[in-house]
>>> print(open('protein37.cif').read())   # mmCIF, C-alpha atoms
data_final
loop_
_atom_site.label_atom_id
_atom_site.label_comp_id
_atom_site.auth_asym_id
_atom_site.auth_seq_id
_atom_site.Cartn_x
_atom_site.Cartn_y
_atom_site.Cartn_z
CA MET A 20 0.00 0.00 0.00
CA SER A 21 1.46 3.36 -0.98
CA GLU A 22 2.10 5.93 1.74
CA VAL A 23 -0.37 8.81 1.95
CA LEU A 24 1.19 12.26 2.58
CA SER A 25 -0.30 14.61 5.10
CA GLN A 26 -1.13 18.21 4.26
CA SER A 27 1.90 19.49 6.14
CA GLN A 28 4.20 17.16 4.16
CA ILE A 29 2.65 18.30 0.89
CA ASP A 30 3.18 21.96 1.87
CA ALA A 31 6.81 21.23 2.74
CA LEU A 32 7.39 19.57 -0.64
CA LEU A 33 5.83 22.49 -2.49
CA ALA A 34 7.95 24.98 -0.55
CA ALA A 35 11.12 22.99 -1.27
CA ALA A 36 10.25 22.89 -4.98
CA ARG A 37 9.76 26.66 -5.07
CA ASN A 38 13.10 27.29 -3.26
CA GLY A 39 15.06 24.81 -5.36
CA ASP A 40 16.09 22.68 -2.38
CA MET A 41 14.94 19.47 -4.03
CA ASP A 42 17.74 19.63 -6.67
CA MET A 43 20.46 20.55 -4.16
CA GLY A 44 21.41 16.99 -3.33
CA THR A 45 21.59 16.02 -6.99
CA ALA A 46 23.65 19.12 -7.83
CA GLU A 47 26.10 18.46 -5.00
CA LYS A 48 26.45 14.87 -6.14
CA ASP A 49 27.10 15.91 -9.74
CA LYS A 50 29.63 18.49 -8.52
CA SER A 51 31.48 15.91 -6.43
CA GLU A 52 31.54 13.45 -9.32
CA GLU A 53 32.82 16.08 -11.75
CA LYS A 54 36.34 15.24 -12.89
CA ARG A 55 38.92 17.81 -11.90
CA TYR A 56 41.63 18.92 -14.34
CA PRO A 57 44.80 20.87 -13.55
CA LYS A 58 44.74 24.47 -14.68
CA TYR A 59 47.24 25.58 -17.30
CA ASP A 60 48.18 29.22 -17.68
CA PHE A 61 48.40 29.85 -21.43
CA TYR A 62 49.26 33.51 -20.78
CA SER A 63 52.53 32.61 -19.03
CA PRO A 64 53.53 29.03 -19.89
CA LYS A 65 56.42 27.40 -18.08
CA LYS A 66 59.77 27.70 -19.81
CA PHE A 67 61.83 25.14 -17.88
CA THR A 68 61.02 21.50 -17.26
CA ARG A 69 61.06 19.75 -13.91
CA ASP A 70 64.37 18.10 -14.77
CA ARG A 71 65.94 21.50 -15.37
CA LEU A 72 64.61 22.84 -12.08
CA LYS A 73 65.84 19.72 -10.33
CA MET A 74 69.31 20.29 -11.76
CA ILE A 75 69.25 23.91 -10.57
CA SER A 76 68.21 22.69 -7.14
CA SER A 77 71.21 20.32 -6.99
CA VAL A 78 73.52 23.19 -8.01
CA PHE A 79 72.28 25.32 -5.14
CA GLU A 80 72.48 22.41 -2.72
CA SER A 81 76.21 22.50 -3.42
CA TYR A 82 76.14 26.28 -3.16
CA VAL A 83 74.65 26.34 0.35
CA ARG A 84 77.28 23.84 1.54
CA ILE A 85 80.07 26.07 0.23
CA LEU A 86 78.46 29.23 1.56
CA SER A 87 77.76 27.71 4.96
CA SER A 88 81.44 26.89 5.46
CA ARG A 89 82.45 30.40 4.40
CA LEU A 90 79.95 32.12 6.72
CA ASN A 91 80.98 29.94 9.65
CA ALA A 92 84.57 31.06 9.14
CA MET A 93 83.64 34.73 8.74
CA LEU A 94 81.25 34.99 11.67
CA HIS A 95 82.76 32.38 14.04
CA MET A 96 79.21 31.18 14.55
CA SER A 97 77.18 28.23 13.38
CA CYS A 98 75.19 29.11 10.25
CA GLU A 99 72.75 26.66 8.66
CA LEU A 100 71.57 27.21 5.11
CA GLU A 101 68.86 25.20 3.36
CA VAL A 102 67.33 25.40 -0.10
CA ASP A 103 63.58 25.40 0.50
CA SER A 104 62.21 26.36 -2.95
CA VAL A 105 63.19 26.51 -6.62
CA GLU A 106 60.33 27.99 -8.64
CA GLU A 107 59.82 29.46 -12.08
CA GLN A 108 57.88 32.72 -11.96
CA ARG A 109 57.42 35.99 -13.78
CA TYR A 110 59.72 38.73 -12.52
CA PHE A 111 56.86 40.97 -11.40
CA GLU A 112 55.88 38.33 -8.81
CA PHE A 113 59.26 38.93 -7.17
CA SER A 114 59.52 42.69 -7.69
CA ASN A 115 56.03 43.36 -6.31
CA ALA A 116 57.14 41.97 -2.95
CA LEU A 117 60.06 44.45 -2.67
CA SER A 118 59.86 47.69 -0.74
CA GLU A 119 61.71 50.98 -1.06
CA ARG A 120 64.03 50.04 1.80
CA ASP A 121 65.14 46.72 0.35
CA VAL A 122 68.61 46.27 -1.08
CA LEU A 123 69.45 44.14 -4.10
CA THR A 124 72.85 42.90 -5.21
CA LEU A 125 73.50 42.64 -8.95
CA ALA A 126 75.92 40.16 -10.50
CA GLU A 127 76.78 39.21 -14.06
CA ASP A 128 77.75 35.95 -15.71
CA SER A 129 80.71 35.29 -18.01
CA PHE A 130 78.80 34.08 -21.09
CA ASP A 131 79.14 37.18 -23.23
CA ASP A 132 80.18 40.82 -23.06
CA ALA A 133 76.83 42.32 -24.00
CA VAL A 134 76.30 45.80 -22.58
CA GLU A 135 72.59 45.32 -21.89
CA LYS A 136 72.10 41.93 -20.34
CA GLU A 137 69.90 40.93 -17.46
CA PRO A 138 71.72 40.60 -14.13
CA ILE A 139 71.49 37.90 -11.49
CA LEU A 140 69.81 39.34 -8.40
CA PHE A 141 70.54 38.55 -4.75
CA HIS A 142 68.26 39.64 -1.91
CA VAL A 143 68.84 39.06 1.82
CA THR A 144 66.28 40.07 4.41
CA THR A 145 67.33 43.00 6.57
CA GLY A 146 67.19 41.22 9.93
CA ILE A 147 69.58 38.38 9.13
CA MET A 148 71.97 40.67 7.25
CA LEU A 149 72.26 43.12 10.17
CA SER A 150 72.68 40.18 12.54
CA MET A 151 75.64 38.88 10.51
CA MET A 152 77.14 42.39 10.32
CA ASP A 153 76.85 42.82 14.09
CA ARG A 154 78.49 39.45 14.63
CA MET A 155 81.37 40.27 12.28
CA LEU A 156 81.97 43.56 14.15
CA GLY A 157 82.25 41.77 17.50
CA GLY A 158 78.64 41.71 18.71
CA ASP A 159 76.47 38.73 19.56
CA GLY A 160 74.25 39.18 16.49
CA ASP A 161 71.00 39.50 18.42
CA VAL A 162 69.72 42.74 16.85
CA GLU A 163 66.29 41.79 15.51
CA SER A 164 64.51 43.47 18.42
CA GLU A 165 66.14 46.79 17.44
CA ILE A 166 64.99 46.69 13.80
CA ASN A 167 61.68 48.14 12.67
CA SER A 168 59.95 48.07 9.29
CA ASP A 169 61.31 51.54 8.36
CA TYR A 170 64.97 50.64 8.92
CA GLN A 171 67.45 51.90 6.30
CA TYR A 172 71.06 50.85 5.90
CA THR A 173 73.77 53.39 6.77
CA ASP A 174 76.73 54.02 4.48
CA ILE A 175 79.02 51.90 6.65
CA GLU A 176 76.50 49.06 6.66
CA LEU A 177 76.20 49.26 2.88
CA ARG A 178 79.97 48.91 2.63
CA LEU A 179 79.83 45.79 4.81
CA TYR A 180 76.85 44.62 2.77
CA LYS A 181 78.99 44.84 -0.36
CA ASP A 182 81.77 42.76 1.22
CA PHE A 183 79.29 40.08 2.29
CA MET A 184 77.63 39.85 -1.10
CA THR A 185 80.93 39.82 -3.01
CA SER A 186 81.87 36.71 -1.07
CA MET A 187 78.45 35.14 -1.73
CA VAL A 188 78.65 35.84 -5.47
CA ASP A 189 82.15 34.34 -5.72
CA SER A 190 80.95 31.14 -4.03
CA LEU A 191 78.28 30.67 -6.70
CA SER A 192 80.90 30.08 -9.40
CA ASN A 193 82.27 27.05 -7.52
CA ALA A 194 78.81 25.51 -7.23
CA TRP A 195 78.45 25.30 -11.04
CA LYS A 196 81.84 23.66 -11.63
CA ASN A 197 80.39 20.14 -11.72
CA TYR A 198 78.04 21.09 -14.57
CA ILE A 199 79.55 23.93 -16.56
CA ASP A 200 82.46 26.35 -16.39
CA ILE A 201 80.80 29.68 -15.64
CA ASN A 202 81.94 32.60 -13.51
CA PHE A 203 79.85 35.20 -11.71
CA LYS A 204 81.11 38.69 -10.97
CA TYR A 205 79.79 41.23 -8.48
CA GLN A 206 78.45 44.39 -10.14
CA ARG A 207 76.86 46.76 -7.63
CA VAL A 208 74.29 47.21 -4.88
CA GLU A 209 70.91 48.74 -5.74
CA VAL A 210 69.50 50.59 -2.72
CA ASN A 211 65.98 51.30 -4.00
CA PRO A 212 65.09 48.54 -6.51
CA THR A 213 61.50 49.77 -6.91
CA LEU A 214 62.73 52.74 -8.99
CA VAL A 215 64.81 50.65 -11.40
CA GLN A 216 63.54 48.06 -13.84
CA LEU A 217 66.34 45.51 -13.80
CA ILE A 218 64.48 42.71 -15.63
CA GLY A 219 61.37 42.82 -17.80
CA LEU A 220 58.28 42.39 -15.64
CA GLU A 221 56.92 39.58 -17.81
CA GLU A 222 60.27 37.83 -18.19
CA ALA A 223 60.52 34.26 -16.91
CA VAL A 224 62.92 33.87 -13.98
CA VAL A 225 63.82 31.08 -11.60
CA ILE A 226 63.76 32.15 -7.96
CA VAL A 227 65.82 30.11 -5.51
CA GLY A 228 64.76 30.52 -1.89
CA ILE A 229 67.33 29.76 0.82
CA THR A 230 66.72 29.87 4.57
CA ILE A 231 69.58 31.11 6.77
CA ARG A 232 69.57 30.16 10.47
CA THR A 233 71.96 31.24 13.19
CA PRO A 234 71.69 30.68 16.97
CA VAL A 235 70.23 34.19 17.40
CA SER A 236 68.43 35.00 14.14
CA ARG A 237 66.77 33.65 11.04
CA GLY A 238 66.17 35.09 7.59
CA ARG A 239 65.71 34.41 3.90
CA PHE A 240 68.15 34.64 1.04
CA SER A 241 66.66 34.81 -2.48
CA ILE A 242 68.47 34.49 -5.81
CA VAL A 243 66.78 35.47 -9.07
CA LEU A 244 68.16 33.76 -12.18
CA PRO A 245 67.03 35.36 -15.47
CA GLY A 246 65.51 33.04 -18.03
CA THR A 247 67.87 34.28 -20.76
CA MET A 248 70.92 33.32 -18.68
CA LEU A 249 69.53 29.87 -17.91
CA SER A 250 68.67 29.32 -21.59
CA ASP A 251 72.31 30.07 -22.46
CA VAL A 252 73.50 27.68 -19.73
CA PHE A 253 71.28 24.80 -20.85
CA GLY A 254 72.10 25.43 -24.53
CA LEU A 255 75.83 25.27 -23.81
CA MET A 256 75.40 22.12 -21.73
CA ASN A 257 73.46 20.46 -24.57
CA ARG A 258 76.17 21.39 -27.09
CA GLU A 259 78.94 20.08 -24.84
CA THR A 260 77.05 16.84 -24.24
CA ALA A 261 76.47 16.39 -27.97
CA SER A 262 80.12 17.13 -28.79
CA VAL A 263 81.32 14.62 -26.16
CA ARG A 264 78.93 12.00 -27.54
CA GLN A 265 80.09 12.63 -31.11
CA ALA A 266 83.74 12.56 -30.03
CA SER A 267 83.25 9.20 -28.31
CA GLN A 268 81.54 7.83 -31.41
CA ARG A 269 84.39 9.04 -33.61
CA ASP A 270 86.94 7.52 -31.25
CA SER A 271 85.11 4.18 -31.29
CA GLU A 272 84.98 4.14 -35.08
CA GLU A 273 88.66 5.08 -35.30
CA ILE A 274 89.63 2.30 -32.89
CA MET A 275 87.61 -0.23 -34.87
CA ASP A 276 89.28 0.92 -38.10
CA PHE A 277 92.70 0.28 -36.58
CA LEU A 278 91.59 -3.14 -35.31
CA ARG A 279 90.24 -4.17 -38.70
CA VAL A 280 93.57 -3.62 -40.47
CA SER A 281 95.77 -4.96 -37.65
CA ASP A 282 97.88 -8.07 -38.26
CA LEU A 283 97.34 -10.89 -35.80
CA GLU A 284 99.36 -14.11 -35.78
CA ILE A 285 97.40 -17.34 -35.53
CA THR A 286 99.32 -20.55 -34.75
CA ALA A 287 97.95 -24.05 -35.43
CA GLU A 288 99.20 -26.54 -32.86
CA PHE A 289 99.07 -30.26 -33.64
CA GLN A 290 100.37 -31.75 -30.39
CA HIS A 291 103.15 -31.55 -27.84
CA THR A 292 105.99 -34.02 -27.62
CA THR A 293 109.30 -34.27 -25.83
CA LEU A 294 112.59 -34.80 -27.66
CA ARG A 295 116.16 -34.99 -26.46
CA LEU A 296 118.61 -32.49 -27.80
CA GLU A 297 120.61 -35.36 -29.33
CA ASP A 298 117.55 -36.49 -31.33
CA ILE A 299 116.88 -32.98 -32.58
CA TYR A 300 120.55 -32.68 -33.63
CA HIS A 301 120.33 -35.80 -35.83
CA LEU A 302 117.02 -34.88 -37.54
CA HIS A 303 117.12 -34.84 -41.37
CA VAL A 304 114.69 -34.12 -44.17
CA GLY A 305 112.17 -36.94 -44.41
CA ASP A 306 112.44 -38.04 -40.78
CA VAL A 307 109.18 -38.61 -38.88
CA ILE A 308 108.41 -37.33 -35.37
CA PHE A 309 105.94 -39.49 -33.49
CA LEU A 310 103.23 -37.41 -31.73
CA ASP A 311 101.13 -40.26 -30.31
CA GLN A 312 97.97 -38.63 -31.70
CA PRO A 313 95.43 -39.96 -34.24
CA LYS A 314 95.50 -38.32 -37.65
CA ASP A 315 91.89 -37.03 -37.29
CA SER A 316 92.43 -35.51 -33.82
CA ASN A 317 91.72 -31.87 -33.05
CA ILE A 318 94.05 -29.05 -34.05
CA PHE A 319 94.47 -26.19 -31.56
CA LEU A 320 94.52 -22.56 -32.72
CA ASN A 321 96.51 -20.15 -30.55
CA ILE A 322 96.09 -16.35 -30.84
CA GLY A 323 98.53 -14.13 -28.98
CA GLY A 324 99.98 -17.17 -27.22
CA LYS A 325 96.59 -18.16 -25.80
CA ARG A 326 94.36 -21.02 -26.94
CA TRP A 327 91.16 -19.68 -28.50
CA PHE A 328 89.79 -22.42 -30.80
CA ASP A 329 90.14 -26.02 -31.80
CA GLY A 330 88.99 -27.79 -34.94
CA LYS A 331 89.80 -30.31 -37.67
CA LEU A 332 92.58 -30.13 -40.21
CA GLY A 333 91.39 -30.16 -43.82
CA VAL A 334 91.62 -28.56 -47.28
CA PHE A 335 89.75 -25.49 -48.50
CA GLN A 336 90.18 -24.32 -52.12
CA LYS A 337 93.31 -26.52 -52.45
CA ASN A 338 94.87 -24.91 -49.36
CA LYS A 339 95.49 -26.30 -45.90
CA ALA A 340 92.74 -25.12 -43.52
CA VAL A 341 91.32 -25.69 -40.04
CA ARG A 342 87.58 -25.93 -39.45
CA ILE A 343 86.73 -24.43 -36.06
CA ASP A 344 84.62 -26.68 -33.85
CA LYS A 345 84.97 -25.10 -30.39
CA THR A 346 85.71 -21.72 -28.84
CA TYR A 347 87.77 -21.90 -25.66
CA VAL A 348 87.67 -18.27 -24.56
CA LEU A 349 83.85 -18.07 -24.46
CA SER A 350 83.65 -21.39 -22.63
CA GLU A 351 86.12 -20.18 -20.01
CA MET A 352 84.13 -16.95 -19.55
CA GLU A 353 80.92 -18.91 -19.09
CA ASN A 354 82.57 -21.22 -16.56
CA THR A 355 83.96 -18.25 -14.65
CA GLN A 356 80.52 -16.60 -14.61
CA ASP A 357 78.89 -19.83 -13.38
CA GLU A 358 81.45 -20.11 -10.57
CA GLY A 359 80.78 -16.47 -9.57
CA GLU A 360 77.03 -17.12 -9.46
CA ARG A 361 77.54 -20.22 -7.34
CA GLN A 362 79.67 -18.23 -4.90
#
>>> encode(input="protein37.cif", output="structure tokens")
Amino acid sequence: MSEVLSQSQIDALLAAARNGDMDMGTAEKDKSEEKRYPKYDFYSPKKFTRDRLKMISSVFESYVRILSSRLNAMLHMSCELEVDSVEEQRYFEFSNALSERDVLTLAEDSFDDAVEKEPILFHVTTGIMLSMMDRMLGGDGDVESEINSDYQYTDIELRLYKDFMTSMVDSLSNAWKNYIDINFKYQRVEVNPTLVQLIGLEEAVVIVGITIRTPVSRGRFSIVLPGTMLSDVFGLMNRETASVRQASQRDSEEIMDFLRVSDLEITAEFQHTTLRLEDIYHLHVGDVIFLDQPKDSNIFLNIGGKRWFDGKLGVFQKNKAVRIDKTYVLSEMENTQDEGERQ
């Protein structure tokens, strides 16, 4: 028997139909079942693959190890550096986060001598930089409580800033040695980067984020690598890899050419026997030496003084010949491999 609805239930259904509540459950279900797709930004597509970014990350892993040792020696204090991000972005995403009181360090690479080329940018947060300066001048480095958001570097501090960053830029050249021979040179310090357009706002850059920790302070060290510089680096690496591959192929072909025309002595050995010197002295043409071996026994072929083959003596095109029946070298290699597997 079908259920009979009361008047209150009918009114509730009508109200739900007018408000659209009856389709809510179905809509939520359809929304949950809708397949999600990753968004792709066609306006600013990625320029570097994950493998390239991974390689850059490994370069800067070496860089932080080198820089950590150098800072420990300069400050006589334990400094820990860690690469926490390697991201490809547009330059405006980095520049928009800068303020008028920030300081940028500019460096150049050794690829070409172009007058107008995009620099490599280094940015260190004010707190950690002043802490390292205070430590180098004999203080304890605990100065973060004395720094406010409006702090500006003095002329003496900018001079110390330059010395710090020159050392950091020089260390970057050593980090690339395992991949490519490239040098980085300190250019200058830019006090108010918001007034200068150093890189095109829409240019692709790779931003490497490094965390610096000391016993009394903590800060962030960012390095901006222009996309044009990285394209030159990867292009040169591809050319060097291709040239090495071609050189190895040419060397292999040249070696094989020499081997093909090389003379190699092959000796056919019938059998061993022992003779006295007196018997050898009285040998004459026509004498017979008894080898105690049947006439159809195997003949051994020696190459380079080592037994390689054996076979049967015969005639081929009216010339003496040996038909190879067994290869000794391959058999010995197989036996050696079997013994190694058993061990």
>>> closest_residue(input="protein37.cif", among="A:Ser190, A:Leu140, A:Val225, A:Ala92", to="A:Arg69", atoms="all atoms listed in the file")
A:Val225
>>> closest_residue(input="protein37.cif", among="A:Asp329, A:Glu107, A:Glu137, A:Asp70", to="A:Glu288", atoms="all atoms listed in the file")
A:Asp329
>>> residues_around(input="protein37.cif", residues="A:Asn167", least_positions_apart="5", cutoff="12 Å", atoms="all atoms listed in the file", output="ChimeraX atom specification")
/A:120,145-146,149,162,172
>>> atom_distance(input="protein37.cif", atom1="atom CA of A:Asp161", atom2="atom CA of A:Glu119")
24.4 Å
>>> axis_aligned_box(input="protein37.cif", around="stretch 209-223 of chain A", padding_each_side="8 Å", output="JSON")
{"center_x": 63.9, "center_y": 43.5, "center_z": -10.5, "size_x": 30.0, "size_y": 34.5, "size_z": 31.5}
>>> residues_near_point(input="protein37.cif", point="(76.1, 33.5, 4.1)", cutoff="10 Å", atoms="all atoms listed in the file", output="ChimeraX atom specification")
/A:83,85-91,93-94,98-100,143,147-148,151,183-184,186-187,190,231-232,240
>>> atom_distance(input="protein37.cif", atom1="atom CA of A:Ile318", atom2="atom CA of A:Leu294")
20.4 Å
>>> residues_around(input="protein37.cif", residues="A:Ser81", least_positions_apart="6", cutoff="9 Å", atoms="only C-alpha atoms", output="number ranges by chain")
A: 193-195
>>> atom_distance(input="protein37.cif", atom1="atom CA of A:Glu106", atom2="atom CA of A:Leu72")
7.5 Å
>>> residues_around(input="protein37.cif", residues="A:Val102", least_positions_apart="6", cutoff="7 Å", atoms="all atoms listed in the file", output="list of chain:residue names")
A:Glu80, A:Gly228, A:Ile229, A:Thr230
>>> resolve_selection(input="protein37.cif", expression="the PyMOL selection byres ((chain A and resi 117) around 12)", output="short mmCIF file (atom, residue, chain, number, x, y, z; two decimals) with C-alpha atoms, in the frame of the given file")
data_model
loop_
_atom_site.label_atom_id
_atom_site.label_comp_id
_atom_site.auth_asym_id
_atom_site.auth_seq_id
_atom_site.Cartn_x
_atom_site.Cartn_y
_atom_site.Cartn_z
CA TYR A 110 59.72 38.73 -12.52
CA PHE A 111 56.86 40.97 -11.40
CA GLU A 112 55.88 38.33 -8.81
CA PHE A 113 59.26 38.93 -7.17
CA SER A 114 59.52 42.69 -7.69
CA ASN A 115 56.03 43.36 -6.31
CA ALA A 116 57.14 41.97 -2.95
CA SER A 118 59.86 47.69 -0.74
CA GLU A 119 61.71 50.98 -1.06
CA ARG A 120 64.03 50.04 1.80
CA ASP A 121 65.14 46.72 0.35
CA VAL A 122 68.61 46.27 -1.08
CA LEU A 123 69.45 44.14 -4.10
CA HIS A 142 68.26 39.64 -1.91
CA VAL A 143 68.84 39.06 1.82
CA THR A 144 66.28 40.07 4.41
CA THR A 145 67.33 43.00 6.57
CA VAL A 210 69.50 50.59 -2.72
CA ASN A 211 65.98 51.30 -4.00
CA PRO A 212 65.09 48.54 -6.51
CA THR A 213 61.50 49.77 -6.91
CA LEU A 214 62.73 52.74 -8.99
CA VAL A 215 64.81 50.65 -11.40
CA SER A 241 66.66 34.81 -2.48
#
>>> resolve_selection(input="protein37.cif", expression="the PyMOL selection byres ((chain A and resi 311) around 12)", output="VMD selection string")
chain A and resid 289 to 293 307 to 310 312 to 314 316
>>> write_last_selection(input="protein37.cif", atoms="C-alpha atoms", output="PDB file, keeping the file's coordinate frame")
ATOM      1  CA  PHE A 289      99.070 -30.260 -33.640  1.00  0.00           C
ATOM      2  CA  GLN A 290     100.370 -31.750 -30.390  1.00  0.00           C
ATOM      3  CA  HIS A 291     103.150 -31.550 -27.840  1.00  0.00           C
ATOM      4  CA  THR A 292     105.990 -34.020 -27.620  1.00  0.00           C
ATOM      5  CA  THR A 293     109.300 -34.270 -25.830  1.00  0.00           C
ATOM      6  CA  VAL A 307     109.180 -38.610 -38.880  1.00  0.00           C
ATOM      7  CA  ILE A 308     108.410 -37.330 -35.370  1.00  0.00           C
ATOM      8  CA  PHE A 309     105.940 -39.490 -33.490  1.00  0.00           C
ATOM      9  CA  LEU A 310     103.230 -37.410 -31.730  1.00  0.00           C
ATOM     10  CA  GLN A 312      97.970 -38.630 -31.700  1.00  0.00           C
ATOM     11  CA  PRO A 313      95.430 -39.960 -34.240  1.00  0.00           C
ATOM     12  CA  LYS A 314      95.500 -38.320 -37.650  1.00  0.00           C
ATOM     13  CA  SER A 316      92.430 -35.510 -33.820  1.00  0.00           C
TER      14      SER A 316
END
>>> resolve_selection(input="protein37.cif", expression="the PyMOL selection byres ((chain A and resi 129) around 7)", output="ChimeraX atom specification")
/A:127-128,130-131,201-203
>>> closest_residue(input="protein37.cif", among="A:Asp153, A:Ser27, A:Arg279, A:Glu101", to="A:Arg84", atoms="only C-alpha atoms")
A:Glu101
